[in-house]
file structure_25.cif (mmCIF, C-alpha atoms)
data_protein
#
loop_
_atom_site.label_atom_id
_atom_site.label_comp_id
_atom_site.auth_asym_id
_atom_site.auth_seq_id
_atom_site.Cartn_x
_atom_site.Cartn_y
_atom_site.Cartn_z
CA MET A 1 -3.16 90.00 8.91
CA ARG A 2 0.46 90.95 8.31
CA ARG A 3 1.11 93.18 5.28
CA HIS A 4 4.11 93.76 3.06
CA GLU A 5 5.90 96.95 4.09
CA GLU A 6 7.93 97.42 0.91
CA ASP A 7 6.33 95.11 -1.63
CA SER A 8 2.80 96.00 -2.70
CA GLU A 9 2.38 92.91 -4.85
CA GLY A 10 0.69 90.82 -2.16
CA ASP A 11 -1.22 91.23 1.06
CA VAL A 12 -1.25 87.75 2.58
CA GLU A 13 1.85 86.32 4.24
CA LEU A 14 2.62 82.62 4.59
CA GLN A 15 1.78 82.47 8.30
CA THR A 16 -1.67 83.88 7.56
CA ILE A 17 -2.21 81.18 4.94
CA VAL A 18 -1.20 78.50 7.43
CA ASP A 19 -3.50 80.00 10.07
CA ARG A 20 -6.40 80.03 7.62
CA TYR A 21 -5.76 76.42 6.64
CA ALA A 22 -5.67 75.34 10.28
CA GLU A 23 -8.94 77.10 11.05
CA GLY A 24 -10.46 75.94 7.78
CA LEU A 25 -9.53 72.28 8.21
CA ALA A 26 -11.15 72.30 11.66
CA ALA A 27 -14.28 73.89 10.19
CA VAL A 28 -14.42 71.42 7.31
CA ASP A 29 -14.01 68.54 9.76
CA ALA A 30 -17.06 69.78 11.65
CA SER A 31 -19.21 70.34 8.56
CA THR A 32 -18.28 67.90 5.81
CA ALA A 33 -20.84 65.30 4.78
CA VAL A 34 -18.50 63.45 2.40
CA GLN A 35 -18.36 59.73 3.16
CA LYS A 36 -15.27 57.78 2.10
CA PHE A 37 -14.98 54.02 1.72
CA ASN A 38 -12.29 51.37 1.88
CA GLN A 39 -11.46 50.59 -1.75
CA ARG A 40 -10.84 46.91 -1.03
CA THR A 41 -13.63 46.02 1.39
CA GLY A 42 -16.17 48.75 0.71
CA ALA A 43 -16.41 49.52 4.43
CA ALA A 44 -17.37 53.10 5.26
CA TYR A 45 -14.87 55.27 7.11
CA PRO A 46 -16.14 57.69 9.76
CA VAL A 47 -16.75 61.12 8.24
CA SER A 48 -13.71 63.31 8.88
CA VAL A 49 -11.49 65.87 7.19
CA LYS A 50 -8.71 63.29 7.43
CA SER A 51 -10.52 60.86 5.16
CA LEU A 52 -10.88 63.50 2.44
CA GLY A 53 -8.37 63.48 -0.40
CA GLU A 54 -5.96 66.39 -0.64
CA ARG A 55 -7.83 68.05 -3.52
CA GLU A 56 -11.18 67.64 -1.74
CA ALA A 57 -9.82 69.18 1.44
CA VAL A 58 -8.17 72.09 -0.40
CA ALA A 59 -11.36 72.89 -2.30
CA ALA A 60 -13.38 72.82 0.91
CA VAL A 61 -10.89 75.06 2.73
CA ASP A 62 -10.87 77.51 -0.19
CA ASP A 63 -14.68 77.74 -0.13
CA TRP A 64 -14.67 78.22 3.65
CA TRP A 65 -11.93 80.88 3.46
CA ALA A 66 -13.71 82.96 0.83
CA LEU A 67 -16.95 82.80 2.83
CA THR A 68 -15.41 83.45 6.25
CA TYR A 69 -12.83 86.10 5.30
CA PRO A 70 -14.24 87.74 2.16
CA GLN A 71 -12.26 90.93 2.80
CA GLU A 72 -9.07 88.99 2.11
CA PHE A 73 -10.14 88.39 -1.46
CA THR A 74 -11.04 91.93 -2.48
CA PRO A 75 -10.74 94.08 -4.50
CA PRO A 76 -11.07 92.11 -7.74
CA PRO A 77 -9.72 90.12 -9.38
CA ASN A 78 -10.34 87.84 -6.41
CA MET A 79 -9.06 84.77 -8.21
CA HIS A 80 -9.33 81.31 -6.67
CA ALA A 81 -8.36 78.17 -8.52
CA VAL A 82 -8.48 74.65 -7.13
CA PRO A 83 -6.59 73.29 -8.96
CA TYR A 84 -4.64 75.63 -11.27
CA ALA A 85 -2.95 74.38 -14.44
CA TYR A 86 0.79 74.76 -14.93
CA PRO A 87 1.02 76.72 -18.21
CA GLY A 88 4.09 74.87 -19.47
CA LEU A 89 3.29 71.34 -18.30
CA GLN A 90 0.54 69.47 -20.08
CA GLY A 91 -1.82 67.81 -17.62
CA ALA A 92 0.02 69.12 -14.54
CA GLU A 93 -1.94 71.12 -11.98
CA CYS A 94 -1.05 73.08 -8.86
CA ASP A 95 -3.30 72.31 -5.89
CA HIS A 96 -4.22 75.88 -4.91
CA ALA A 97 -3.70 79.27 -6.53
CA PHE A 98 -5.26 82.51 -5.38
CA THR A 99 -4.92 86.28 -5.49
CA THR A 100 -5.90 88.69 -2.72
CA ASP A 101 -4.85 91.95 -4.40
CA SER A 102 -5.93 93.93 -7.45
CA LEU A 103 -2.95 93.05 -9.61
CA GLY A 104 -3.60 90.96 -12.69
CA GLY A 105 -1.41 88.39 -14.35
CA ALA A 106 0.08 85.51 -12.41
CA PRO A 107 -1.60 84.38 -9.18
CA GLU A 108 -0.30 86.04 -6.03
CA TRP A 109 0.24 82.62 -4.44
CA ALA A 110 0.69 79.15 -5.95
CA ILE A 111 0.62 76.40 -3.34
CA GLU A 112 1.11 72.65 -3.51
CA VAL A 113 -0.52 70.75 -0.66
CA LYS A 114 0.48 67.45 0.92
CA LYS A 115 -1.16 65.26 3.57
CA PRO A 116 1.58 63.04 5.03
CA GLU A 117 -0.30 60.48 7.11
CA LEU A 118 1.29 58.55 9.95
CA ILE A 119 -1.91 56.53 10.40
CA GLY A 120 -4.28 55.30 7.71
CA ASN A 121 -8.06 55.57 7.83
CA ASN A 122 -8.17 52.00 9.16
CA GLY A 123 -5.98 52.96 12.11
CA LYS A 124 -2.96 51.05 10.84
CA ARG A 125 0.46 52.51 10.24
CA ASN A 126 1.31 54.22 6.96
CA ASP A 127 4.82 53.29 5.89
CA TYR A 128 4.89 55.73 2.94
CA VAL A 129 4.89 58.97 4.92
CA VAL A 130 8.62 59.61 4.47
CA ALA A 131 8.35 59.19 0.70
CA LYS A 132 5.37 61.56 0.73
CA MET A 133 7.67 64.24 2.10
CA LEU A 134 11.19 63.56 0.87
CA SER A 135 11.19 61.20 -2.09
CA PRO A 136 13.11 62.66 -5.07
CA TYR A 137 11.24 60.36 -7.47
CA LEU A 138 8.45 61.64 -9.68
CA LYS A 139 6.44 58.44 -9.12
CA ASP A 140 5.99 59.30 -5.43
CA ARG A 141 4.71 62.86 -6.02
CA GLY A 142 6.37 63.99 -2.80
CA LEU A 143 6.70 67.41 -1.25
CA LEU A 144 10.33 67.73 -2.34
CA HIS A 145 9.31 67.12 -5.95
CA ASP A 146 6.63 69.82 -5.62
CA VAL A 147 9.19 72.31 -4.32
CA VAL A 148 11.45 71.80 -7.31
CA ARG A 149 8.60 71.91 -9.82
CA LEU A 150 7.14 75.12 -8.42
CA ARG A 151 10.57 76.76 -8.37
CA ASP A 152 11.46 75.67 -11.90
CA GLN A 153 8.10 76.56 -13.42
CA GLY A 154 7.87 79.97 -11.72
CA LEU A 155 4.12 79.62 -11.24
CA GLY A 156 2.72 82.47 -9.15
CA ARG A 157 4.34 85.64 -7.83
CA ARG A 158 5.03 83.74 -4.61
CA ARG A 159 5.12 80.00 -4.13
CA ALA A 160 4.85 77.62 -1.20
CA VAL A 161 4.41 74.02 -0.20
CA LEU A 162 1.95 73.36 2.61
CA GLY A 163 1.10 70.19 4.46
CA TYR A 164 -1.18 68.97 7.21
CA SER A 165 -0.92 65.92 9.41
CA PHE A 166 -1.96 64.46 12.76
CA ASN A 167 -0.01 63.45 15.87
CA TYR A 168 -0.82 60.55 18.19
CA ASP A 169 0.03 59.49 21.73
CA ALA A 170 -1.66 57.86 24.71
CA ALA A 171 -3.54 61.06 25.55
CA SER A 172 -4.95 61.49 22.03
CA CYS A 173 -5.98 57.83 21.95
CA ALA A 174 -7.79 58.29 25.27
CA VAL A 175 -9.71 61.24 23.84
CA ALA A 176 -10.57 59.19 20.75
CA ARG A 177 -11.90 56.37 22.94
CA ARG A 178 -14.09 58.81 24.86
CA LEU A 179 -15.46 60.52 21.76
CA HIS A 180 -15.76 57.45 19.53
CA PRO A 181 -16.60 54.37 21.62
CA ALA A 182 -18.10 52.64 18.58
CA ASP A 183 -14.74 52.83 16.78
CA VAL A 184 -12.66 51.11 19.44
CA ALA A 185 -11.27 48.58 16.93
CA THR A 186 -9.73 51.39 14.87
CA ILE A 187 -8.40 53.10 18.00
CA ARG A 188 -6.78 49.87 19.17
CA GLU A 189 -4.87 49.72 15.89
CA ILE A 190 -3.66 53.29 16.45
CA GLU A 191 -2.58 52.40 19.98
CA LYS A 192 -0.52 49.49 18.62
CA VAL A 193 1.35 51.79 16.25
CA VAL A 194 1.90 54.39 18.98
CA ALA A 195 3.31 51.68 21.26
CA LEU A 196 5.77 50.61 18.54
CA ASN A 197 7.13 54.18 18.57
CA ASP A 198 7.67 54.41 22.34
CA GLY A 199 4.32 56.01 23.05
CA SER A 200 4.47 59.01 20.72
CA LEU A 201 3.88 59.07 16.98
CA THR A 202 4.41 62.62 15.74
CA ILE A 203 5.28 64.27 12.45
CA GLU A 204 7.76 66.59 14.21
CA PRO A 205 11.00 64.61 13.55
CA LEU A 206 10.13 64.37 9.87
CA LEU A 207 9.38 68.10 9.69
CA ALA A 208 12.74 68.89 11.29
CA PHE A 209 14.54 66.62 8.84
CA CYS A 210 12.68 68.10 5.86
CA ASN A 211 13.30 71.65 7.09
CA GLY A 212 17.03 70.97 7.26
CA ILE A 213 17.18 69.55 3.75
CA LEU A 214 15.15 72.38 2.21
CA HIS A 215 17.31 75.06 3.81
CA THR A 216 20.62 73.30 3.20
CA ARG A 217 19.79 73.10 -0.49
CA ASN A 218 18.59 76.75 -0.58
CA LEU A 219 15.18 75.70 -1.82
CA VAL A 220 13.15 77.78 0.66
CA VAL A 221 13.31 81.17 2.36
CA GLY A 222 12.38 82.03 5.92
CA GLY A 223 11.35 79.64 8.63
CA MET A 224 8.69 76.98 8.58
CA ALA A 225 5.25 78.49 9.25
CA ARG A 226 3.03 76.33 11.42
CA ALA A 227 -0.27 76.23 13.28
CA ASN A 228 -2.13 73.59 15.28
CA PHE A 229 -5.77 72.60 14.99
CA GLN A 230 -8.14 69.94 16.28
CA ALA A 231 -10.37 67.67 14.21
CA TRP A 232 -12.13 65.08 16.36
CA ARG A 233 -14.98 64.16 13.99
CA GLY A 234 -13.28 60.81 13.30
CA PRO A 235 -11.28 58.52 15.61
CA TYR A 236 -8.16 58.61 13.43
CA ALA A 237 -7.60 62.39 13.36
CA GLY A 238 -7.59 64.63 16.42
CA GLU A 239 -4.48 66.70 17.08
CA GLY A 240 -3.59 68.32 13.75
CA ILE A 241 -0.77 70.50 12.49
CA VAL A 242 -0.43 72.65 9.37
CA PHE A 243 3.07 73.53 8.15
CA ALA A 244 4.47 75.37 5.14
CA TRP A 245 7.61 76.74 3.51
CA GLU A 246 7.93 79.56 0.99
CA ILE A 247 9.96 78.54 -2.03
CA SER A 248 13.06 80.51 -2.94
CA ASP A 249 13.41 82.33 -6.24
CA ALA A 250 17.16 81.74 -6.21
CA PRO A 251 18.45 79.15 -8.66
CA GLY A 252 19.12 75.92 -6.84
CA PRO A 253 21.25 72.88 -7.56
CA ARG A 254 20.38 70.90 -10.65
CA HIS A 255 19.70 67.84 -8.51
CA PRO A 256 18.42 69.14 -5.15
CA TRP A 257 18.52 65.74 -3.51
#

call {"tool": "encode", "arguments": {"input": "structure_25.cif", "output": "structure tokens"}}
result
Amino acid sequence: MRRHEEDSEGDVELQTIVDRYAEGLAAVDASTAVQKFNQRTGAAYPVSVKSLGEREAVAAVDDWWALTYPQEFTPPPNMHAVPYAYPGLQGAECDHAFTTDSLGGAPEWAIEVKKPELIGNNGKRNDYVVAKMLSPYLKDRGLLHDVVRLRDQGLGRRRAVLGYSFNYDAASCAVARRLHPADVATIREIEKVVALNDGSLTIEPLLAFCNGILHTRNLVVGGMARANFQAWRGPYAGEGIVFAWEISDAPGPRHPW
């Protein structure tokens, strides 16, 4: 784990958080027993970390992290909160807040988490993924909105937005067919979407676009932290990526979009 050299307020750096999330999401994928269902048809989705809601996944990763790396949450107060209420916003909650040092007061880290999905749990394309990342509108609850809210509210000594997603191509679809022959109908739907995008459906172009906007508007500091993971429990997951940006303390533009 990398440590602050000059700032004793925190022990965990953003890349470590991303690494823990990547390892934790893979572990949760292997162990979760939560079954999700299609809200319209009632059909059961294959058990997978991808089918979990964001809050469910964050809570499971937090539990795994505290159990697997207990030394990173000592000495007390070893605060974990999933979610954590914004003090000045009634009914608003931050997805994940935690402290790994012995300092009291505000959490060491306050993190909002997003799951931008290129493919839905039915294998069909998700046309809302761009809004999930870049929409400036409150109704969409996008990553950009979370950045501005965390910055303006000042929740936590350090703040970040973190996301996880999955990439698809012919090779990943072939692995899915081998591992999940009973789910070939879902995999065929994924293959159709991949073909519409010239054989590769990846979150990378959207991450590059988002990274440029966040830095151009001085909303984040440092580079984008990232780590890969695999989650093959379900046919619609597979090759995963975790990414995150630390939010700047500097005052930004009134309308960052």

call {"tool": "resolve_selection", "arguments": {"input": "structure_25.cif", "expression": "the PyMOL selection byres ((chain A and resi 121-137) around 8)", "output": "JSON list (two decimals) with C-alpha atoms, keeping the file's coordinate frame"}}
result
[["chain", "number", "residue", "atom", "x", "y", "z"],
["A", 45, "TYR", "CA", -14.87, 55.27, 7.11],
["A", 50, "LYS", "CA", -8.71, 63.29, 7.43],
["A", 51, "SER", "CA", -10.52, 60.86, 5.16],
["A", 114, "LYS", "CA", 0.48, 67.45, 0.92],
["A", 116, "PRO", "CA", 1.58, 63.04, 5.03],
["A", 117, "GLU", "CA", -0.30, 60.48, 7.11],
["A", 118, "LEU", "CA", 1.29, 58.55, 9.95],
["A", 119, "ILE", "CA", -1.91, 56.53, 10.40],
["A", 120, "GLY", "CA", -4.28, 55.30, 7.71],
["A", 138, "LEU", "CA", 8.45, 61.64, -9.68],
["A", 139, "LYS", "CA", 6.44, 58.44, -9.12],
["A", 140, "ASP", "CA", 5.99, 59.30, -5.43],
["A", 141, "ARG", "CA", 4.71, 62.86, -6.02],
["A", 142, "GLY", "CA", 6.37, 63.99, -2.80],
["A", 143, "LEU", "CA", 6.70, 67.41, -1.25],
["A", 144, "LEU", "CA", 10.33, 67.73, -2.34],
["A", 145, "HIS", "CA", 9.31, 67.12, -5.95],
["A", 186, "THR", "CA", -9.73, 51.39, 14.87],
["A", 187, "ILE", "CA", -8.40, 53.10, 18.00],
["A", 188, "ARG", "CA", -6.78, 49.87, 19.17],
["A", 189, "GLU", "CA", -4.87, 49.72, 15.89],
["A", 190, "ILE", "CA", -3.66, 53.29, 16.45],
["A", 193, "VAL", "CA", 1.35, 51.79, 16.25],
["A", 206, "LEU", "CA", 10.13, 64.37, 9.87],
["A", 210, "CYS", "CA", 12.68, 68.10, 5.86],
["A", 236, "TYR", "CA", -8.16, 58.61, 13.43],
["A", 257, "TRP", "CA", 18.52, 65.74, -3.51]]

call {"tool": "atom_distance", "arguments": {"input": "structure_25.cif", "atom1": "CA of Tyr21 (chain A)", "atom2": "CA of Asp62 (chain A)"}}
result
8.6 Å

call {"tool": "atom_distance", "arguments": {"input": "structure_25.cif", "atom1": "CA of Val113 (chain A)", "atom2": "CA of Ala59 (chain A)"}}
result
11.2 Å

call {"tool": "closest_residue", "arguments": {"input": "structure_25.cif", "among": "A:Ile213, A:Val242, A:Val148, A:Ala110", "to": "Asn228 (chain A)", "atoms": "all atoms listed in the file"}}
result
A:Val242

call {"tool": "closest_atom_pairs", "arguments": {"input": "structure_25.cif", "of": "region 30-92 of chain A", "to": "region 150-160 of chain A", "cutoff": "12 Å", "atoms": "only C-alpha atoms", "output": "CSV"}}
result
residue,atom,partner,partner_atom,distance
A:Ala81,CA,A:Gly156,CA,11.9
A:Tyr84,CA,A:Leu155,CA,9.6
A:Ala85,CA,A:Leu155,CA,9.4
A:Tyr86,CA,A:Leu155,CA,7.0
A:Pro87,CA,A:Leu155,CA,8.2
A:Gly88,CA,A:Gln153,CA,7.5
A:Leu89,CA,A:Gln153,CA,8.6
A:Ala92,CA,A:Gln153,CA,11.0

call {"tool": "closest_residue", "arguments": {"input": "structure_25.cif", "among": "A:Gln90, A:Thr99, A:Asn167, A:Thr32", "to": "Gly238 (chain A)", "atoms": "all atoms listed in the file"}}
result
A:Asn167

call {"tool": "atom_distance", "arguments": {"input": "structure_25.cif", "atom1": "CA of Ala66 (chain A)", "atom2": "CA of His80 (chain A)"}}
result
8.8 Å

call {"tool": "closest_residue", "arguments": {"input": "structure_25.cif", "among": "A:Ala195, A:Met224, A:Val82, A:Ala176", "to": "Phe209 (chain A)", "atoms": "all atoms listed in the file"}}
result
A:Met224

call {"tool": "resolve_selection", "arguments": {"input": "structure_25.cif", "expression": "the PyMOL selection byres ((chain A and resi 227) around 8)", "output": "number ranges by chain"}}
result
A: 18-19, 22, 225-226, 228-229, 241-243

call {"tool": "closest_residue", "arguments": {"input": "structure_25.cif", "among": "A:Trp109, A:Trp64, A:Gln230, A:Val161", "to": "Asn211 (chain A)", "atoms": "only C-alpha atoms"}}
result
A:Val161
